[in-house]
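Listing of entry.csv; format and content: CSV, C-alpha atoms.
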chain,number,residue,atom,x,y,z
A,1,MET,CA,39.1,-8.4,58.6
A,2,ILE,CA,37.9,-7.2,62.0
A,3,TYR,CA,40.2,-5.4,64.4
A,4,SER,CA,38.3,-4.9,67.6
A,5,ILE,CA,38.4,-5.4,71.4
A,6,VAL,CA,35.1,-7.2,71.3
A,7,PRO,CA,35.7,-11.0,70.9
A,8,PHE,CA,34.7,-12.4,67.5
A,9,ASP,CA,32.0,-14.8,68.9
A,10,GLN,CA,30.2,-11.8,70.5
A,11,ILE,CA,30.4,-9.8,67.3
A,12,LEU,CA,29.3,-12.6,65.0
A,13,PHE,CA,26.7,-14.3,67.3
A,14,ASP,CA,23.3,-13.7,65.7
A,15,GLN,CA,20.8,-12.7,68.3
A,16,GLN,CA,17.5,-12.7,66.5
A,17,SER,CA,15.4,-11.4,69.4
A,18,SER,CA,16.8,-7.8,69.2
A,19,SER,CA,15.9,-7.6,65.5
A,20,GLY,CA,12.8,-5.8,64.2
A,21,THR,CA,11.9,-4.3,60.9
A,22,ARG,CA,14.1,-1.2,60.4
A,23,MET,CA,14.2,1.1,57.4
A,24,GLU,CA,16.2,4.2,56.4
A,25,VAL,CA,14.1,7.1,55.1
A,26,THR,CA,14.7,10.8,54.5
A,27,LEU,CA,12.6,13.0,56.7
A,28,ASP,CA,12.9,16.8,56.6
A,29,GLY,CA,16.1,16.4,54.4
A,30,GLU,CA,17.8,14.2,57.0
A,31,GLN,CA,18.4,10.5,56.9
A,32,VAL,CA,16.8,8.6,59.8
A,33,VAL,CA,16.5,4.9,60.8
A,34,LEU,CA,12.9,4.0,61.7
A,35,LEU,CA,11.8,1.0,63.7
A,36,GLN,CA,8.4,-0.5,62.8
A,37,ASN,CA,6.2,-1.0,65.8
A,38,ASP,CA,3.4,-3.6,66.1
A,39,ASN,CA,0.5,-1.1,65.7
A,40,ASN,CA,1.6,0.1,62.3
A,41,THR,CA,3.5,3.1,63.6
A,42,TYR,CA,7.2,3.8,63.3
A,43,SER,CA,9.6,5.2,65.9
A,44,VAL,CA,12.7,7.2,65.1
A,45,GLU,CA,15.5,5.0,66.3
A,46,ARG,CA,18.6,6.9,65.0
A,47,LEU,CA,19.3,10.1,63.1
A,48,ILE,CA,22.2,9.8,60.7
A,49,SER,CA,23.5,13.3,60.1
A,50,THR,CA,26.6,15.3,60.6
A,51,ASN,CA,24.6,18.5,60.9
A,52,PRO,CA,24.4,19.3,64.7
A,53,ARG,CA,21.3,21.4,64.1
A,54,ALA,CA,19.3,18.4,62.8
A,55,TYR,CA,19.6,16.8,66.3
A,56,LEU,CA,17.7,19.8,67.8
A,57,LYS,CA,14.6,19.2,65.6
A,58,PRO,CA,11.9,17.5,67.8
A,59,GLU,CA,10.5,15.6,64.9
A,60,LEU,CA,13.8,13.8,64.3
A,61,MET,CA,14.6,13.0,67.9
A,62,PRO,CA,14.9,9.3,68.7
A,63,GLY,CA,11.6,8.0,70.1
A,64,THR,CA,9.3,10.2,68.1
A,65,LEU,CA,6.4,8.2,66.8
A,66,LEU,CA,5.5,8.5,63.2
A,67,MET,CA,2.8,7.0,60.9
A,68,THR,CA,2.5,7.0,57.1
A,69,ILE,CA,-0.3,8.5,55.3
A,70,THR,CA,-1.0,6.3,52.3
A,71,ALA,CA,0.7,8.0,49.4
A,72,LYS,CA,-1.2,8.7,46.3
A,73,GLU,CA,-0.3,6.4,43.5
A,74,GLU,CA,1.4,9.1,41.5
A,75,THR,CA,3.6,10.2,44.4
A,76,PRO,CA,6.5,7.9,44.8
A,77,ARG,CA,7.4,9.2,48.3
A,78,ALA,CA,5.7,8.3,51.5
A,79,ILE,CA,4.3,11.1,53.6
A,80,TRP,CA,4.9,11.0,57.3
A,81,LYS,CA,2.8,12.3,60.1
A,82,ILE,CA,4.0,12.9,63.7
A,83,MET,CA,1.9,11.3,66.4
A,84,LYS,CA,1.4,12.9,69.7
A,85,THR,CA,1.7,10.6,72.7
A,86,ASP,CA,-0.4,12.7,75.1
B,1,MET,CA,-2.6,14.3,66.4
B,2,ASP,CA,-0.3,16.9,65.0
B,3,SER,CA,-1.1,17.9,61.5
B,4,LYS,CA,2.5,18.6,60.6
B,5,VAL,CA,3.5,16.7,57.6
B,6,TYR,CA,7.1,15.9,56.5
B,7,PHE,CA,8.2,14.6,53.2
B,8,ALA,CA,11.4,14.2,51.3
B,9,SER,CA,11.3,17.5,49.5
B,10,GLN,CA,10.6,19.6,52.6
B,11,ALA,CA,14.2,20.7,52.7
B,12,GLU,CA,14.0,22.3,49.3
B,13,LYS,CA,10.8,24.0,50.2
B,14,GLN,CA,12.4,25.4,53.4
B,15,ASP,CA,15.4,26.7,51.5
B,16,LYS,CA,13.1,28.6,49.2
B,17,GLU,CA,11.2,30.0,52.2
B,18,THR,CA,14.4,31.2,53.9
B,19,GLN,CA,15.4,32.8,50.7
B,20,LYS,CA,12.1,34.6,50.5
B,21,ASP,CA,12.4,35.8,54.1
B,22,LYS,CA,15.8,37.2,53.4
B,23,MET,CA,14.5,39.1,50.4
B,24,ASP,CA,11.5,40.4,52.4
B,25,ASN,CA,13.9,41.7,55.1
B,26,ILE,CA,16.0,43.6,52.5
B,27,LYS,CA,12.9,45.1,50.9
B,28,GLU,CA,11.0,46.1,54.0
B,29,MET,CA,13.5,46.7,56.7
B,30,GLY,CA,16.6,47.5,54.6
B,31,THR,CA,18.5,44.9,56.7
B,32,ILE,CA,20.3,41.8,55.9
B,33,ALA,CA,21.1,39.1,58.4
B,34,VAL,CA,24.7,38.2,57.9
B,35,GLN,CA,25.3,34.5,58.3
B,36,GLU,CA,28.7,33.7,59.5
B,37,LYS,CA,29.9,31.8,56.5
B,38,GLY,CA,32.5,29.1,57.1
B,39,ARG,CA,32.2,29.0,60.9
B,40,ASN,CA,29.5,26.4,60.5
B,41,ILE,CA,30.8,23.1,61.8
B,42,HIS,CA,29.6,19.6,61.2
B,43,CYS,CA,30.0,16.7,63.6
B,44,LEU,CA,30.6,13.1,62.8
B,45,THR,CA,29.9,10.7,65.7
B,46,VAL,CA,31.4,7.3,65.5
B,47,ILE,CA,29.8,4.7,67.8
B,48,GLY,CA,30.1,0.9,68.2
B,49,GLN,CA,31.7,-1.2,65.5
B,50,ILE,CA,32.9,0.2,62.2
B,51,GLU,CA,31.0,-1.7,59.6
B,52,GLY,CA,32.6,-2.3,56.2
B,53,HIS,CA,32.3,-5.3,53.9
B,54,MET,CA,30.1,-7.3,56.1
B,55,VAL,CA,26.7,-6.5,57.7
B,56,LEU,CA,27.1,-7.3,61.4
B,57,PRO,CA,24.3,-9.1,63.3
B,58,PRO,CA,21.8,-6.6,64.9
B,59,GLN,CA,23.1,-6.8,68.5
B,60,ASN,CA,26.1,-4.8,67.3
B,61,LYS,CA,25.7,-1.0,67.2
B,62,THR,CA,27.5,0.1,64.1
B,63,THR,CA,28.8,3.1,62.2
B,64,LYS,CA,28.5,2.2,58.5
B,65,TYR,CA,31.1,3.0,55.8
B,66,GLU,CA,28.4,3.8,53.3
B,67,HIS,CA,26.9,6.4,55.5
B,68,VAL,CA,30.1,8.1,56.5
B,69,ILE,CA,32.0,8.4,53.2
B,70,PRO,CA,29.3,10.4,51.4
B,71,GLN,CA,28.9,12.6,54.4
B,72,LEU,CA,32.6,13.4,54.4
B,73,VAL,CA,32.5,14.2,50.7
B,74,ALA,CA,29.5,16.5,51.3
B,75,ILE,CA,31.3,18.3,54.1
B,76,GLU,CA,34.4,18.8,51.9
B,77,GLU,CA,32.3,20.0,49.0
B,78,ASP,CA,29.8,22.4,50.9
B,79,LYS,CA,31.3,25.9,51.0
B,80,ASN,CA,29.1,26.8,54.0
B,81,ILE,CA,30.7,24.2,56.2
B,82,GLY,CA,33.9,25.4,57.9
B,83,GLY,CA,35.2,22.3,59.6
B,84,LEU,CA,34.6,18.9,61.0
B,85,LEU,CA,34.5,17.7,64.6
B,86,LEU,CA,35.0,13.9,64.8
B,87,VAL,CA,33.6,12.4,68.1
B,88,LEU,CA,34.8,8.9,68.7
B,89,ASN,CA,33.5,6.2,71.0
B,90,THR,CA,34.3,2.9,69.2
B,91,VAL,CA,35.3,-0.6,70.0
B,92,GLY,CA,37.0,-1.1,66.6
B,93,GLY,CA,35.7,-2.9,63.6
B,94,ASP,CA,36.5,-3.5,59.9
B,95,VAL,CA,40.2,-2.7,59.2
B,96,GLU,CA,39.7,-1.5,55.7
B,97,ALA,CA,36.6,0.6,56.4
B,98,GLY,CA,38.3,2.2,59.4
B,99,LEU,CA,41.4,3.0,57.4
B,100,ALA,CA,39.3,4.3,54.5
B,101,ILE,CA,37.4,6.7,56.8
B,102,ALA,CA,40.7,7.8,58.4
B,103,GLU,CA,42.4,8.4,55.0
B,104,MET,CA,39.4,10.4,53.8
B,105,ILE,CA,39.5,12.6,56.9
B,106,ALA,CA,43.3,12.9,56.7
B,107,SER,CA,43.1,14.1,53.1
B,108,MET,CA,40.4,16.8,53.7
B,109,SER,CA,41.3,20.4,53.1
B,110,LYS,CA,39.0,21.7,55.8
B,111,PRO,CA,40.1,22.0,59.4
B,112,THR,CA,39.3,18.8,61.4
B,113,VAL,CA,39.5,18.1,65.1
B,114,SER,CA,38.8,14.8,66.9
B,115,LEU,CA,37.6,14.1,70.4
B,116,VAL,CA,37.9,10.6,71.9
B,117,LEU,CA,35.3,10.0,74.5
B,118,GLY,CA,34.8,6.7,76.4
B,119,GLY,CA,37.0,4.6,74.2
B,120,GLY,CA,38.8,4.8,70.9
B,121,HIS,CA,40.0,1.2,70.6
B,122,SER,CA,41.7,-0.9,67.9
B,123,ILE,CA,40.8,0.6,64.5
B,124,GLY,CA,39.5,3.7,66.4
B,125,VAL,CA,43.2,4.7,67.0
B,126,PRO,CA,44.0,5.5,63.3
B,127,MET,CA,40.6,7.3,63.1
B,128,ALA,CA,41.5,9.4,66.1
B,129,VAL,CA,44.8,10.5,64.7
B,130,SER,CA,43.5,11.3,61.2
B,131,THR,CA,42.4,14.8,62.1
B,132,ASN,CA,44.6,17.9,62.1
B,133,TYR,CA,44.4,18.0,65.9
B,134,SER,CA,43.2,15.5,68.4
B,135,PHE,CA,41.8,15.6,72.0
B,136,ILE,CA,41.0,12.8,74.5
B,137,ALA,CA,38.8,13.1,77.5
B,138,PRO,CA,40.7,12.4,80.8
B,139,SER,CA,38.6,9.3,81.5
B,140,ALA,CA,38.7,7.9,77.9
B,141,THR,CA,40.9,4.9,77.0
B,142,MET,CA,42.6,3.6,73.9
B,143,THR,CA,43.4,-0.1,73.5
B,144,ILE,CA,46.3,-0.9,71.2
B,145,HIS,CA,46.6,-4.6,70.4
B,146,PRO,CA,47.6,-6.8,67.5
B,147,LEU,CA,45.3,-7.9,64.7
B,148,ARG,CA,43.8,-11.4,65.3
B,149,LEU,CA,42.8,-14.3,63.2
B,150,SER,CA,39.2,-15.4,62.9
B,151,GLY,CA,37.5,-18.3,61.2
B,152,MET,CA,39.4,-21.0,59.3
B,153,ILE,CA,42.9,-20.2,58.1
B,154,ILE,CA,45.5,-22.0,56.2
B,155,GLY,CA,48.3,-22.8,58.5
B,156,VAL,CA,51.3,-21.7,56.4
B,157,PRO,CA,54.0,-19.0,57.1
B,158,GLN,CA,52.4,-16.8,54.4
B,159,THR,CA,49.2,-16.4,56.5
B,160,TYR,CA,51.4,-14.9,59.3
B,161,GLU,CA,53.1,-12.6,56.8
B,162,TYR,CA,49.8,-11.4,55.4
B,163,PHE,CA,48.6,-10.5,58.9
B,164,ASP,CA,51.8,-8.8,59.6
B,165,ARG,CA,51.4,-6.7,56.5
B,166,MET,CA,47.7,-5.8,57.4
B,167,GLN,CA,48.9,-4.7,60.8
B,168,GLU,CA,51.7,-2.7,59.3
B,169,ARG,CA,49.0,-0.6,57.4
B,170,VAL,CA,47.6,0.5,60.8
B,171,VAL,CA,51.1,1.1,62.3
B,172,GLU,CA,52.2,3.1,59.3
B,173,PHE,CA,49.1,5.3,59.3
B,174,VAL,CA,49.2,6.0,63.0
B,175,SER,CA,53.0,6.9,62.9
B,176,LYS,CA,52.5,9.1,59.9
B,177,ASN,CA,49.6,11.0,61.4
B,178,SER,CA,50.7,11.4,65.0
B,179,GLY,CA,53.7,11.9,67.1
B,180,ILE,CA,54.5,8.3,67.9
B,181,LYS,CA,57.2,6.3,66.2
B,182,LYS,CA,56.5,3.0,64.4
B,183,GLU,CA,58.7,1.0,66.9
B,184,ALA,CA,57.1,2.6,69.9
B,185,PHE,CA,53.6,1.8,68.6
B,186,ARG,CA,54.5,-1.8,67.7
B,187,LYS,CA,55.9,-2.2,71.3
B,188,LEU,CA,52.6,-1.0,72.8
B,189,MET,CA,50.7,-3.5,70.5
B,190,LEU,CA,52.8,-6.4,71.7
B,191,LYS,CA,53.2,-5.6,75.3
B,192,THR,CA,52.5,-8.3,77.8
B,193,GLY,CA,51.3,-8.0,81.4
B,194,GLU,CA,48.9,-5.1,80.7
B,195,LEU,CA,45.8,-6.9,79.6
B,196,ALA,CA,44.6,-10.1,81.3
B,197,ASN,CA,45.3,-13.1,79.1
B,198,ASP,CA,46.2,-10.9,76.1
B,199,VAL,CA,48.9,-8.8,74.6
B,200,GLY,CA,48.5,-5.1,74.1
B,201,THR,CA,48.2,-1.9,76.1
B,202,VAL,CA,45.4,0.2,77.5
B,203,LEU,CA,46.2,3.9,77.4
B,204,PHE,CA,44.3,6.3,79.6
B,205,GLY,CA,43.7,9.9,78.5
B,206,GLN,CA,46.9,11.5,79.6
B,207,GLU,CA,49.0,8.4,78.7
B,208,ALA,CA,47.8,8.6,75.1
B,209,VAL,CA,49.1,12.2,75.0
B,210,ASP,CA,52.4,11.3,76.7
B,211,TYR,CA,53.0,8.7,74.0
B,212,GLY,CA,52.4,11.3,71.3
B,213,ILE,CA,49.3,9.6,69.8
B,214,ILE,CA,46.9,12.3,70.8
B,215,ASN,CA,47.7,16.0,70.9
B,216,GLU,CA,45.9,17.1,74.1
B,217,VAL,CA,43.6,16.1,77.0
B,218,GLY,CA,40.4,18.0,76.8
B,219,GLY,CA,36.7,18.1,76.2
B,220,LEU,CA,34.1,19.6,74.0
B,221,ALA,CA,34.9,23.3,74.6
B,222,TYR,CA,38.6,22.7,73.9
B,223,ALA,CA,37.8,20.8,70.7
B,224,LEU,CA,35.4,23.5,69.4
B,225,LYS,CA,37.8,26.3,70.4
B,226,LYS,CA,40.6,24.6,68.5
B,227,LEU,CA,38.4,24.0,65.4
B,228,GLY,CA,37.3,27.6,65.5
B,229,GLU,CA,40.9,28.8,65.6
B,230,ASN,CA,41.8,26.6,62.7
B,231,ILE,CA,38.8,27.8,60.6
B,232,ASP,CA,39.9,31.4,61.2
This structure in structure tokens:
Amino acid sequence: MIYSIVPFDQILFDQQSSSGTRMEVTLDGEQVVLLQNDNNTYSVERLISTNPRAYLKPELMPGTLLMTITAKEETPRAIWKIMKTD
Amino acid sequence: MDSKVYFASQAEKQDKETQKDKMDNIKEMGTIAVQEKGRNIHCLTVIGQIEGHMVLPPQNKTTKYEHVIPQLVAIEEDKNIGGLLLVLNTVGGDVEAGLAIAEMIASMSKPTVSLVLGGGHSIGVPMAVSTNYSFIAPSATMTIHPLRLSGMIIGVPQTYEYFDRMQERVVEFVSKNSGIKKEAFRKLMLKTGELANDVGTVLFGQEAVDYGIINEVGGLAYALKKLGENID
């Protein structure tokens, strides 16, 4: 049951255009939401943490571009690399 | 391209390094950096819709139940964390998820302070009052309105009764955790002439304090000062 000031038709209207592929990963011990870009890179969209210090880390700031290095078969975790825009 | 690499176990590695640094300091310099234990605060920011049983379409910005609940448990459990600052800017959302988060915060043993910025509407009201002490920015508003029906319903008196009971859960929680009486809160919910084409009330910063829902008008410095006092 929804209790909100936003009308139901606005909440439940499915606007496909704003969707992209998003995933939640743990980077540097913090949970972040990554948005997949067209050129096989990922940008940090949102940091989900209650630790205020995590928000000061440049690598976790929204907008930071990341790419994955193909993980070795024996490592279950993906390894991320920060891309410099300049 | 930067050669810095981040992976999931980096936090553990860093912990070990900090530990090693501390030991080195003691051995070589004979000093120890005293970390102020317990003054460390964590901040929970609530934005957009509160998402509970249903995943909302992507145009909604949401704060998810499954993210927030474990964070609250971790904050309560971690002895290095002294208190919680709850920053609210929400348009409402799932009743049960909102009440669940509010109940979790209300039952925490650590000091908690909330700050309403922008808006703390609908289910944001019980969340705002769930902390030990609450602040509202002078420009922030809180909309108090009745619960509404959505989708197809069975048109029988029991449906109305069910809604009334759901609404009562919100009224009960707010009156229990703030200075407003049940009757006064219900009156604000059902007031006419305040909202265009709708029933309910919009309270501005000072008004929310005058009604006893929020403790004080203030900002970040006030909230952090209060939290610090409560931790000490």
Would you mind listing what lies within 10 Å of region 93-106 of chain B as number ranges by chain, with only C-alpha atoms counted and same-chain residues fewer than 5 positions away left out?
-> A: 1-6, 11; B: 48-54, 56, 62-66, 68-69, 72-73, 76, 84, 86, 111-113, 121-132, 147, 166-167, 169-170, 173-174, 177
Exercise for review: Pull out every residue of chain A that has at least one atom within 10 Å of chain B, counting only C-alpha atoms, and report them as a ChimeraX atom specification.
Suggested key: /A:1-20,25-31,48-53,59,68-69,77-86
Please define a box with edges along x, y and z of the file around all atoms of region 52-64 of chain B given in the file, extend it by 6 Å on each side, and return its centre and edge lengths in Å to one decimal, as JSON.
{"center_x": 27.2, "center_y": -3.0, "center_z": 61.2, "size_x": 22.8, "size_y": 24.2, "size_z": 26.6}
Please provide the set of residues having any atom within 10 Å of Gly63 (chain A), restricted to all atoms listed in the file, with same-chain residues fewer than 4 positions apart removed, written as a list in words. Leu34, Leu35, Tyr42, Ser43, Val44, Glu45, Arg46, Pro58 and Glu59 of chain A
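Counting from CA of Ala140 (chain B), the distance to CA of Gly118 (chain B) is 4.3 Å.
The space separating CA of Tyr133 (chain B) from CA of Glu194 (chain B) comes to 27.8 Å.
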- request: State, in Å with one decimal place, the distance from CA of Gly179 (chain B) to CA of Asn215 (chain B).
  value: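 Interatomic distance, CA of Gly179 (chain B) to CA of Asn215 (chain B): 8.2 Å.
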